[in-house]
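structure23.cif follows (mmCIF, C-alpha atoms):
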data_data
loop_
_atom_site.label_atom_id
_atom_site.label_comp_id
_atom_site.auth_asym_id
_atom_site.auth_seq_id
_atom_site.Cartn_x
_atom_site.Cartn_y
_atom_site.Cartn_z
CA MET A 8 -55.93 -41.92 60.74
CA ILE A 9 -54.87 -38.82 62.65
CA ARG A 10 -51.31 -40.16 62.79
CA PHE A 11 -51.39 -40.65 59.02
CA ILE A 12 -52.53 -37.07 58.42
CA GLU A 13 -49.97 -35.82 60.92
CA GLY A 14 -47.30 -37.77 59.04
CA ILE A 15 -48.30 -36.16 55.73
CA GLY A 16 -48.33 -32.73 57.37
CA GLU A 17 -44.92 -33.30 58.94
CA ARG A 18 -43.44 -34.38 55.62
CA ALA A 19 -45.01 -31.43 53.81
CA ILE A 20 -43.65 -28.97 56.39
CA GLY A 21 -40.23 -30.63 56.16
CA ALA A 22 -40.26 -30.44 52.36
CA PHE A 23 -41.28 -26.78 52.38
CA ALA A 24 -38.69 -25.95 55.04
CA SER A 25 -35.89 -27.57 53.02
CA LEU A 26 -37.14 -25.89 49.82
CA TYR A 27 -37.12 -22.54 51.66
CA GLU A 28 -33.56 -23.18 52.88
CA ALA A 29 -32.42 -24.12 49.37
CA ILE A 30 -33.99 -21.00 47.86
CA LYS A 31 -32.48 -18.84 50.63
CA PHE A 32 -29.03 -20.31 49.92
CA THR A 33 -29.45 -19.77 46.17
CA VAL A 34 -30.49 -16.14 46.64
CA LEU A 35 -27.59 -15.57 49.05
CA CYS A 36 -25.12 -16.97 46.51
CA MET A 37 -26.58 -14.77 43.76
CA VAL A 38 -26.31 -11.68 45.96
CA HIS A 39 -22.66 -12.52 46.71
CA MET A 40 -22.00 -13.01 42.99
CA LEU A 41 -23.10 -9.43 42.37
CA ARG A 42 -20.97 -7.97 45.20
CA PRO A 43 -17.58 -6.62 43.99
CA ALA A 44 -16.12 -7.29 47.48
CA SER A 45 -16.52 -11.03 46.91
CA TYR A 46 -13.88 -10.96 44.19
CA ASN A 47 -10.74 -10.92 46.37
CA PRO A 48 -7.39 -12.34 45.12
CA ALA A 49 -7.94 -15.73 46.83
CA MET A 50 -11.37 -16.08 45.23
CA ARG A 51 -10.01 -15.13 41.80
CA MET A 52 -7.29 -17.78 42.13
CA VAL A 53 -9.86 -20.46 43.04
CA LEU A 54 -12.03 -19.31 40.11
CA THR A 55 -9.11 -19.64 37.67
CA LYS A 56 -8.29 -23.13 38.97
CA GLN A 57 -11.94 -24.19 38.80
CA ILE A 58 -12.32 -23.00 35.20
CA TYR A 59 -9.15 -24.91 34.35
CA PHE A 60 -10.35 -28.13 36.01
CA THR A 61 -13.93 -27.90 34.72
CA ALA A 62 -13.52 -26.53 31.21
CA VAL A 63 -9.91 -26.78 30.05
CA GLY A 64 -8.95 -30.16 31.53
CA ILE A 65 -11.90 -31.87 29.87
CA ILE A 66 -11.38 -30.48 26.34
CA PRO A 67 -9.66 -33.54 24.69
CA LEU A 68 -12.25 -35.97 26.11
CA PHE A 69 -15.06 -33.54 25.37
CA ILE A 70 -14.06 -33.10 21.72
CA MET A 71 -13.84 -36.88 21.31
CA MET A 72 -17.28 -37.36 22.89
CA ALA A 73 -18.75 -34.50 20.84
CA VAL A 74 -17.42 -35.97 17.58
CA LEU A 75 -18.67 -39.48 18.45
CA PHE A 76 -22.09 -38.71 19.93
CA GLY A 77 -22.72 -35.50 17.99
CA SER A 78 -21.95 -37.11 14.62
CA VAL A 79 -24.06 -40.19 15.27
CA ILE A 80 -27.05 -38.23 16.49
CA ILE A 81 -26.96 -35.52 13.84
CA GLY A 82 -26.46 -38.31 11.28
CA VAL A 83 -29.62 -40.07 12.47
CA VAL A 84 -31.59 -36.80 12.42
CA ILE A 85 -30.45 -35.96 8.88
CA ALA A 86 -31.12 -39.51 7.68
CA LEU A 87 -34.64 -39.37 9.10
CA ALA A 88 -35.26 -35.93 7.62
CA ALA A 89 -34.13 -37.22 4.22
CA GLU A 90 -36.35 -40.30 4.54
CA TYR A 91 -39.45 -38.23 5.33
CA ASN A 92 -38.72 -35.71 2.56
CA LEU A 93 -38.00 -32.84 4.91
CA GLN A 94 -35.02 -31.56 2.87
CA ASP A 95 -36.47 -28.04 2.76
CA LYS A 96 -36.57 -27.96 6.57
CA ILE A 97 -33.18 -29.56 7.13
CA GLY A 98 -31.47 -26.27 8.11
CA ALA A 99 -34.01 -25.51 10.82
CA ILE A 100 -33.91 -29.13 12.03
CA ILE A 101 -30.10 -29.15 12.34
CA VAL A 102 -29.99 -25.74 14.05
CA THR A 103 -32.83 -26.44 16.48
CA PHE A 104 -31.59 -29.89 17.34
CA SER A 105 -27.88 -29.01 17.71
CA ILE A 106 -27.92 -25.50 19.13
CA ASP A 107 -31.16 -25.32 21.11
CA GLU A 108 -31.42 -28.82 22.49
CA PHE A 109 -28.65 -31.34 22.27
CA ALA A 110 -25.45 -29.31 22.80
CA PRO A 111 -26.42 -27.69 26.13
CA LEU A 112 -28.12 -30.82 27.49
CA PHE A 113 -25.27 -33.18 26.62
CA THR A 114 -22.66 -30.73 27.99
CA ALA A 115 -24.63 -30.30 31.23
CA LEU A 116 -24.91 -34.07 31.68
CA LEU A 117 -21.20 -34.60 31.02
CA ILE A 118 -20.10 -31.81 33.37
CA SER A 119 -22.56 -33.03 36.03
CA LEU A 120 -21.06 -36.49 35.92
CA ARG A 121 -17.48 -35.23 35.97
CA SER A 122 -17.44 -32.02 38.02
CA GLY A 123 -20.79 -32.15 39.86
CA THR A 124 -19.88 -35.36 41.62
CA ALA A 125 -16.37 -34.10 42.35
CA ILE A 126 -17.64 -30.87 43.90
CA ASN A 127 -20.32 -32.64 45.94
CA THR A 128 -17.70 -35.03 47.33
CA GLU A 129 -15.19 -32.24 47.94
CA ILE A 130 -17.62 -30.11 49.95
CA ALA A 131 -18.95 -33.16 51.83
CA VAL A 132 -15.39 -34.23 52.79
CA MET A 133 -14.59 -30.69 53.90
CA LYS A 134 -17.75 -30.68 56.01
CA VAL A 135 -16.96 -34.04 57.64
CA ASN A 136 -13.32 -33.08 58.27
CA LYS A 137 -14.55 -29.78 59.81
CA GLU A 138 -12.44 -27.81 57.30
CA LEU A 139 -15.46 -25.57 56.69
CA ASN A 140 -15.59 -24.79 60.42
CA THR A 141 -11.88 -23.90 60.35
CA LEU A 142 -12.43 -21.48 57.46
CA GLU A 143 -15.33 -19.89 59.33
CA ARG A 144 -13.17 -19.52 62.45
CA TYR A 145 -10.71 -17.52 60.35
CA ASN A 146 -13.64 -15.32 59.24
CA ILE A 147 -13.37 -16.57 55.66
CA ASP A 148 -16.70 -16.31 53.91
CA LEU A 149 -17.45 -19.78 52.53
CA ILE A 150 -19.76 -18.40 49.85
CA ASP A 151 -17.11 -16.01 48.53
CA TYR A 152 -14.13 -18.34 48.81
CA LEU A 153 -15.59 -21.78 48.04
CA PHE A 154 -18.99 -21.57 46.41
CA ILE A 155 -19.03 -18.53 44.11
CA PRO A 156 -15.88 -19.56 42.16
CA ARG A 157 -17.37 -23.00 41.55
CA ILE A 158 -20.74 -21.62 40.46
CA ILE A 159 -19.17 -19.05 38.11
CA SER A 160 -16.81 -21.66 36.69
CA GLY A 161 -19.82 -23.93 36.08
CA ILE A 162 -21.63 -21.19 34.19
CA ILE A 163 -18.57 -20.25 32.11
CA SER A 164 -17.56 -23.87 31.46
CA ILE A 165 -20.94 -25.20 30.41
CA THR A 166 -21.66 -22.18 28.21
CA SER A 167 -18.32 -22.33 26.41
CA LEU A 168 -18.34 -26.13 26.06
CA SER A 169 -21.93 -26.04 24.75
CA ILE A 170 -20.85 -23.60 22.04
CA LEU A 171 -17.93 -25.91 21.18
CA PHE A 172 -20.26 -28.92 21.09
CA ALA A 173 -22.74 -27.11 18.83
CA ILE A 174 -19.93 -26.13 16.43
CA ILE A 175 -18.68 -29.74 16.30
CA MET A 176 -22.23 -31.00 15.68
CA LEU A 177 -22.79 -28.49 12.88
CA CYS A 178 -19.49 -29.57 11.27
CA SER A 179 -20.52 -33.22 11.54
CA GLY A 180 -23.85 -32.25 10.02
CA TYR A 181 -22.05 -31.17 6.84
CA ILE A 182 -20.50 -34.64 6.38
CA PHE A 183 -23.91 -36.29 6.61
CA THR A 184 -25.68 -33.79 4.34
CA LEU A 185 -22.86 -34.37 1.83
CA PHE A 186 -23.48 -38.14 1.83
CA TYR A 187 -27.29 -38.14 2.09
CA MET A 188 -28.16 -35.11 -0.02
CA ASN A 189 -24.98 -34.43 -2.05
CA MET A 190 -24.92 -30.94 -0.57
CA ASP A 191 -21.76 -28.85 -1.06
CA LEU A 192 -20.19 -26.73 1.67
CA THR A 193 -21.41 -23.37 0.30
CA SER A 194 -25.02 -24.58 0.19
CA TYR A 195 -24.70 -26.08 3.66
CA LYS A 196 -23.35 -22.80 5.06
CA ALA A 197 -26.14 -20.84 3.36
CA LEU A 198 -28.67 -23.32 4.74
CA LEU A 199 -27.41 -22.83 8.28
CA PHE A 200 -27.14 -19.05 8.07
CA ASN A 201 -30.71 -18.86 6.75
CA ALA A 202 -32.00 -21.15 9.48
CA ILE A 203 -30.17 -19.71 12.46
CA GLU A 204 -31.91 -16.95 14.43
CA VAL A 205 -30.95 -14.75 17.36
CA GLY A 206 -33.43 -16.73 19.45
CA ASP A 207 -31.40 -19.90 18.89
CA ILE A 208 -28.20 -18.27 20.15
CA LEU A 209 -30.03 -16.78 23.15
CA THR A 210 -31.61 -20.15 23.94
CA LEU A 211 -28.17 -21.79 23.87
CA LEU A 212 -26.67 -19.11 26.11
CA PHE A 213 -29.46 -18.88 28.70
CA LYS A 214 -29.99 -22.62 28.87
CA SER A 215 -26.26 -23.28 29.27
CA MET A 216 -26.04 -20.63 31.99
CA ALA A 217 -29.01 -22.15 33.84
CA PHE A 218 -27.48 -25.62 33.50
CA GLY A 219 -24.11 -24.30 34.70
CA PHE A 220 -25.72 -22.69 37.73
CA VAL A 221 -27.62 -25.79 38.89
CA THR A 222 -24.76 -28.16 38.00
CA MET A 223 -22.64 -26.47 40.65
CA MET A 224 -25.24 -25.12 43.07
CA ILE A 225 -27.03 -28.41 43.80
CA PRO A 226 -23.85 -30.46 44.52
CA ILE A 227 -22.54 -27.63 46.73
CA TYR A 228 -25.79 -27.47 48.69
CA SER A 229 -25.95 -31.23 48.98
CA GLY A 230 -22.33 -31.37 50.19
CA LEU A 231 -23.07 -28.69 52.77
CA ASN A 232 -25.94 -30.74 54.20
CA THR A 233 -23.80 -33.82 54.75
CA GLY A 234 -23.90 -35.42 58.20
CA SER A 235 -20.85 -35.65 60.42
CA ALA A 236 -19.77 -39.22 59.56
CA TYR A 237 -17.71 -40.43 56.59
CA THR A 238 -20.55 -42.81 55.71
CA ALA A 239 -22.74 -39.76 55.02
CA ILE A 240 -20.53 -38.72 52.06
CA PRO A 241 -21.77 -41.31 49.48
CA ILE A 242 -25.37 -40.65 50.57
CA SER A 243 -24.84 -36.93 50.06
CA VAL A 244 -23.36 -37.47 46.57
CA LEU A 245 -26.19 -39.84 45.65
CA ASN A 246 -28.89 -37.38 46.80
CA GLY A 247 -27.12 -34.47 45.16
CA MET A 248 -26.85 -36.23 41.81
CA VAL A 249 -30.50 -37.32 41.79
CA LYS A 250 -31.61 -33.75 42.55
CA LEU A 251 -29.23 -32.40 39.91
CA PHE A 252 -30.55 -34.68 37.17
CA ILE A 253 -34.13 -33.77 38.09
CA ALA A 254 -33.18 -30.06 37.91
CA ILE A 255 -31.48 -30.52 34.50
CA PHE A 256 -34.53 -32.22 33.03
CA PHE A 257 -36.79 -29.61 34.63
CA ILE A 258 -34.81 -26.83 32.89
CA GLU A 259 -34.95 -28.77 29.61
CA VAL A 260 -38.73 -29.17 29.82
CA LEU A 261 -39.18 -25.55 30.90
CA SER A 262 -37.11 -24.33 27.94
CA LEU A 263 -39.18 -26.47 25.54
CA LEU A 264 -42.35 -24.99 27.01
CA LEU A 265 -41.02 -21.44 26.72
CA GLN A 266 -39.94 -22.02 23.12
CA SER A 267 -43.36 -23.39 22.20
CA LEU A 268 -45.12 -20.24 23.45
CA MET B 7 1.41 -24.55 53.31
CA ALA B 8 2.43 -21.02 52.24
CA GLU B 9 -0.73 -20.90 50.11
CA ASN B 10 -2.68 -21.98 53.17
CA ILE B 11 -1.23 -19.20 55.34
CA ALA B 12 -1.42 -16.58 52.58
CA LEU B 13 -5.20 -17.07 52.27
CA ILE B 14 -5.80 -15.02 55.44
CA LYS B 15 -4.14 -11.86 54.10
CA GLU B 16 -5.63 -12.35 50.63
CA VAL B 17 -9.16 -12.52 52.02
CA HIS B 18 -9.01 -10.00 54.86
CA GLU B 19 -6.70 -7.41 53.37
CA GLY B 20 -7.07 -8.07 49.64
CA MET B 21 -3.29 -8.61 49.45
CA SER B 22 -2.03 -10.01 46.14
CA ILE B 23 -1.26 -13.74 46.06
CA LYS B 24 2.45 -13.12 45.41
CA ALA B 25 2.83 -10.68 48.30
CA ALA B 26 0.79 -12.80 50.72
CA GLU B 27 2.74 -15.97 49.90
CA GLY B 28 6.00 -14.04 50.23
CA LEU B 29 4.95 -12.90 53.69
CA ALA B 30 3.94 -16.45 54.63
CA CYS B 31 7.36 -17.73 53.53
CA GLU B 32 9.03 -14.99 55.59
CA TYR B 33 7.19 -16.16 58.71
CA LEU B 34 8.11 -19.79 58.04
CA GLU B 35 11.76 -18.86 57.43
CA LYS B 36 11.88 -17.08 60.82
CA ILE B 37 11.39 -20.40 62.60
CA GLY B 38 13.46 -22.45 60.15
CA MET B 39 10.48 -24.06 58.43
CA GLY B 40 10.86 -22.55 54.96
CA SER B 41 11.02 -26.07 53.53
CA ILE B 42 7.32 -26.71 54.23
CA ALA B 43 6.18 -23.74 52.15
CA LEU B 44 5.38 -25.90 49.13
CA LYS B 45 4.22 -28.99 51.06
CA ARG B 46 0.63 -30.17 51.38
CA ILE B 47 -0.90 -30.69 54.83
CA SER B 48 -0.74 -34.49 54.46
CA ALA B 49 3.05 -34.28 54.04
CA CYS B 50 3.55 -32.18 57.19
CA GLN B 51 4.25 -33.26 60.76
CA SER B 52 2.02 -32.18 63.64
CA VAL B 53 4.56 -29.58 64.79
CA GLU B 54 4.65 -28.03 61.31
CA ILE B 55 0.84 -27.94 61.15
CA PHE B 56 0.80 -26.29 64.59
CA TYR B 57 3.11 -23.47 63.46
CA VAL B 58 1.05 -22.97 60.28
CA MET B 59 -2.07 -22.58 62.44
CA LEU B 60 -0.21 -20.19 64.73
CA ILE B 61 1.03 -18.03 61.83
CA ARG B 62 -2.49 -17.89 60.41
CA ALA B 63 -3.78 -16.81 63.81
CA LEU B 64 -1.06 -14.13 63.99
CA MET B 65 -2.29 -12.77 60.66
CA MET B 66 -5.82 -12.33 61.98
CA PRO B 67 -6.91 -8.90 63.25
CA GLN B 68 -7.80 -10.20 66.75
CA GLU B 69 -5.43 -9.10 69.51
CA GLN B 70 -5.45 -12.28 71.59
CA ILE B 71 -4.43 -15.80 70.59
CA CYS B 72 -5.30 -18.77 72.73
CA ILE B 73 -3.35 -22.02 72.30
CA LEU B 74 -5.28 -24.89 73.75
CA ALA B 75 -3.35 -27.94 75.01
CA PRO B 76 -0.20 -27.79 72.86
CA PHE B 77 0.89 -31.18 74.14
CA LEU B 78 -2.17 -32.66 72.45
CA LEU B 79 -1.72 -30.66 69.24
CA ILE B 80 1.95 -31.50 68.81
CA LYS B 81 2.99 -35.12 68.96
CA HIS B 82 6.21 -35.91 70.86
CA LEU B 83 6.57 -32.39 72.25
CA SER B 84 9.13 -32.84 74.99
CA GLY B 85 9.27 -29.33 76.46
CA LEU B 86 7.95 -25.81 76.04
CA ASP B 87 11.27 -23.99 75.61
CA GLU B 88 11.55 -24.39 71.84
CA LEU B 89 7.85 -23.64 71.39
CA LEU B 90 8.04 -20.43 73.45
CA ALA B 91 11.23 -19.36 71.65
CA ASN B 92 9.54 -19.80 68.26
CA ILE B 93 6.43 -17.95 69.46
CA ALA B 94 8.69 -15.07 70.53
CA LEU B 95 10.35 -15.09 67.10
CA LEU B 96 7.01 -14.96 65.28
CA ASN B 97 5.04 -12.67 67.53
CA ASP B 98 5.80 -9.07 68.24
CA LYS B 99 2.49 -7.54 69.22
CA LYS B 100 -0.20 -10.07 70.09
CA ASP B 101 -1.19 -11.37 73.46
CA ILE B 102 -0.71 -15.14 73.40
CA ILE B 103 -1.93 -17.40 76.19
CA ILE B 104 -1.60 -21.14 76.56
CA LEU B 105 -4.40 -23.07 78.21
CA ASP B 106 -3.96 -26.65 79.36
CA THR B 107 -5.27 -29.14 81.88
CA TYR B 108 -3.69 -29.89 85.25
CA SER B 109 -2.64 -33.31 83.95
CA ASN B 110 0.01 -31.52 81.88
CA GLU B 111 1.08 -29.27 84.76
CA LEU B 112 4.53 -30.84 84.99
CA HIS B 113 5.43 -29.65 81.49
CA TYR B 114 4.94 -26.05 82.58
CA LYS B 115 7.27 -26.03 85.62
CA GLY B 116 9.24 -22.80 85.54
CA CYS B 117 7.22 -21.29 82.67
CA GLU B 118 4.89 -18.32 82.91
CA CYS B 119 1.77 -19.88 81.48
CA HIS B 120 -1.88 -19.76 82.40
CA ILE B 121 -2.93 -23.28 83.21
CA VAL B 122 -6.62 -23.91 83.61
CA LYS B 123 -8.48 -27.04 84.43
#

Final structure tokens representation of the file:
Amino acid sequence: MIRFIEGIGERAIGAFASLYEAIKFTVLCMVHMLRPASYNPAMRMVLTKQIYFTAVGIIPLFIMMAVLFGSVIIGVVIALAAEYNLQDKIGAIIVTFSIDEFAPLFTALLISLRSGTAINTEIAVMKVNKELNTLERYNIDLIDYLFIPRIISGIISITSLSILFAIIMLCSGYIFTLFYMNMDLTSYKALLFNAIEVGDILTLLFKSMAFGFVTMMIPIYSGLNTGSAYTAIPISVLNGMVKLFIAIFFIEVLSLLLQSL
Amino acid sequence: MAENIALIKEVHEGMSIKAAEGLACEYLEKIGMGSIALKRISACQSVEIFYVMLIRALMMPQEQICILAPFLLIKHLSGLDELLANIALLNDKKDIIILDTYSNELHYKGCECHIVK
């Protein structure tokens, strides 16, 4: 019995210790993000490359996915709204669903799968190959040179791609309102402009920024905690991705709670 | 590799990427290795990687550089003459010492090196 209680205590202490370390690392990264000295030419070059790889390189695939998924989902929502005689609320439904919820969540999931895994693997490989040690030996701050550019690129990429996704979804929404409700473009535009509020835009921005932050921060932290063997790399990526998806859904639920207040 | 070397000056001195890479190329040219400037580490030989590490160390603010067991770092290194000549070409102010084990003592016959066990 005592062993059982000791086991629970040990696990609880371990969990709190790792949570404390994670929070400490997050705060440290945020402090570095605010320091002008962190933005040296090498860091700016890495940041540019990261934005290119994360946001620009994905654009053709992203637009295709946004048109396919966005159209189908907004189509289903509009069809349901028409079926339940919610035509008078259709503007608010489209805006809330596209801008507040679906665009940032879908973008975060897509970027997590594409860039989150890549960054987790990259940092884990660097750790195993002792490249991180080499950089430290040359007094190169890992947070400034490796982590901050990735975190900032995550924030910028997810925010900008979420806006793009929302625009594509709203355009798709017009096609479906045209077919289901015979609505012309002028009426559709008026409907959206009447429904959209500053709160919706702020929700999109803050949620995307939060998603961008965790989408990069968790894989980086997971990669940093990789063991010294090559076999530890897939385990690190697996753990990182599970934690990342939990964090994304936590943010989603938190934002729903905050909006309902 | 020029990008790799340039990183030191970019981070520690805030030097622009163009200037830092230019300086890195200058160093590589001095020892006749300008051709590796655009190569990745996987495409370089051990001797080329060694000189890149040395140039990076020369760019650091520390006054002393310690080379540990060059015969292990560089594959097929027959003698020290070429290595010492290249170090002399690259270095003008830093104190460079070579540390090695007694098993490699023969390689150092006639050279002024600090050999430690």

Using only the atoms of region 11-17 of chain B listed in the file, plus 3 Å on each side, state the axis-aligned box centre and edge lengths in Å rounded to one decimal, as JSON.
{"center_x": -5.2, "center_y": -15.5, "center_z": 53.0, "size_x": 13.9, "size_y": 13.3, "size_z": 10.8}

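When the PyMOL selection byres ((chain A and resi 188) around 12) is run on the displayed coordinates, the residues it returns are Gly82, Ile85, Ala86, Leu87, Ala88, Ala89, Glu90, Asn92, Leu93, Gln94, Asp95, Ile97, Gly180, Tyr181, Ile182, Phe183, Thr184, Leu185, Phe186, Tyr187, Asn189, Met190, Asp191, Leu192, Ser194 and Tyr195 of chain A.
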
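With distances taken over all atoms listed in the file, A:Tyr145 is the one residue among A:Gly16, A:Tyr145, A:Leu41, A:Ile225 lying closest to Leu60 (chain B).
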
*Rank B:Ile42, B:Leu64, B:Ala94, B:Ile102 by their smallest atom-to-atom distance to chain A, using only C-alpha atoms, and report the top residue only.*
B:Leu64

*Neighbours of region 167-170 of chain A within 6 Å (all atoms listed in the file; same-chain residues fewer than 2 positions away dropped), as a PyMOL selection string?*
chain A and resi 110-111+114+164-165+172-173

Which residues of chain B sit at most 7 Å from chain A, using all atoms listed in the file? Give each one's shortest atom pair and distance in Å (one decimal place), in chain and ascending residue order, as JSON lines.
{"residue": "B:Leu13", "atom": "CA", "partner": "A:Ala49", "partner_atom": "CA", "distance": 6.2}
{"residue": "B:Glu16", "atom": "CA", "partner": "A:Ala49", "partner_atom": "CA", "distance": 5.6}
{"residue": "B:Val17", "atom": "CA", "partner": "A:Asn47", "partner_atom": "CA", "distance": 6.1}
{"residue": "B:Gly20", "atom": "CA", "partner": "A:Asn47", "partner_atom": "CA", "distance": 5.7}
{"residue": "B:Ser22", "atom": "CA", "partner": "A:Pro48", "partner_atom": "CA", "distance": 5.9}
{"residue": "B:Ile23", "atom": "CA", "partner": "A:Pro48", "partner_atom": "CA", "distance": 6.4}

_Under the PyMOL selection byres ((chain A and resi 74) around 12), which residues of this model are included? Write them out as a PyMOL selection string._
chain A and resi 66-73+75-82+110+171-180+182

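The coordinates place CA of Leu26 (chain A) at 27.1 Å from CA of Gln266 (chain A).
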
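Interatomic distance, CA of Cys36 (chain A) against CA of Ser262 (chain A): 23.3 Å.
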
*Proximity to Ser48 (chain B) - best of B:Pro67, B:Met7, B:Leu86, B:Ile14, all atoms listed in the file*: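 Checking each of B:Pro67, B:Met7, B:Leu86, B:Ile14 against Ser48 (chain B), counting all atoms listed in the file, the winner is B:Met7.
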
*Counting only C-alpha atoms, the option among A:Leu120, A:Ile158, A:Val38, A:Leu112 closest to Val249 (chain A)*: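 Closest residue, counting only C-alpha atoms: A:Leu120.
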
_Here is a test: counting only C-alpha atoms, which residue of B:Leu105, B:Ala91, B:Ala26, B:Leu44 is nearest to Arg62 (chain B)?_
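Counting only C-alpha atoms, the residue closest to Arg62 (chain B) is B:Ala26.
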
*Nearest to His82 (chain B): which of B:Met21, B:Ile11, B:Met39, B:Val53 is it, counting all atoms listed in the file?*
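Selected residue with least distance to His82 (chain B): B:Val53.
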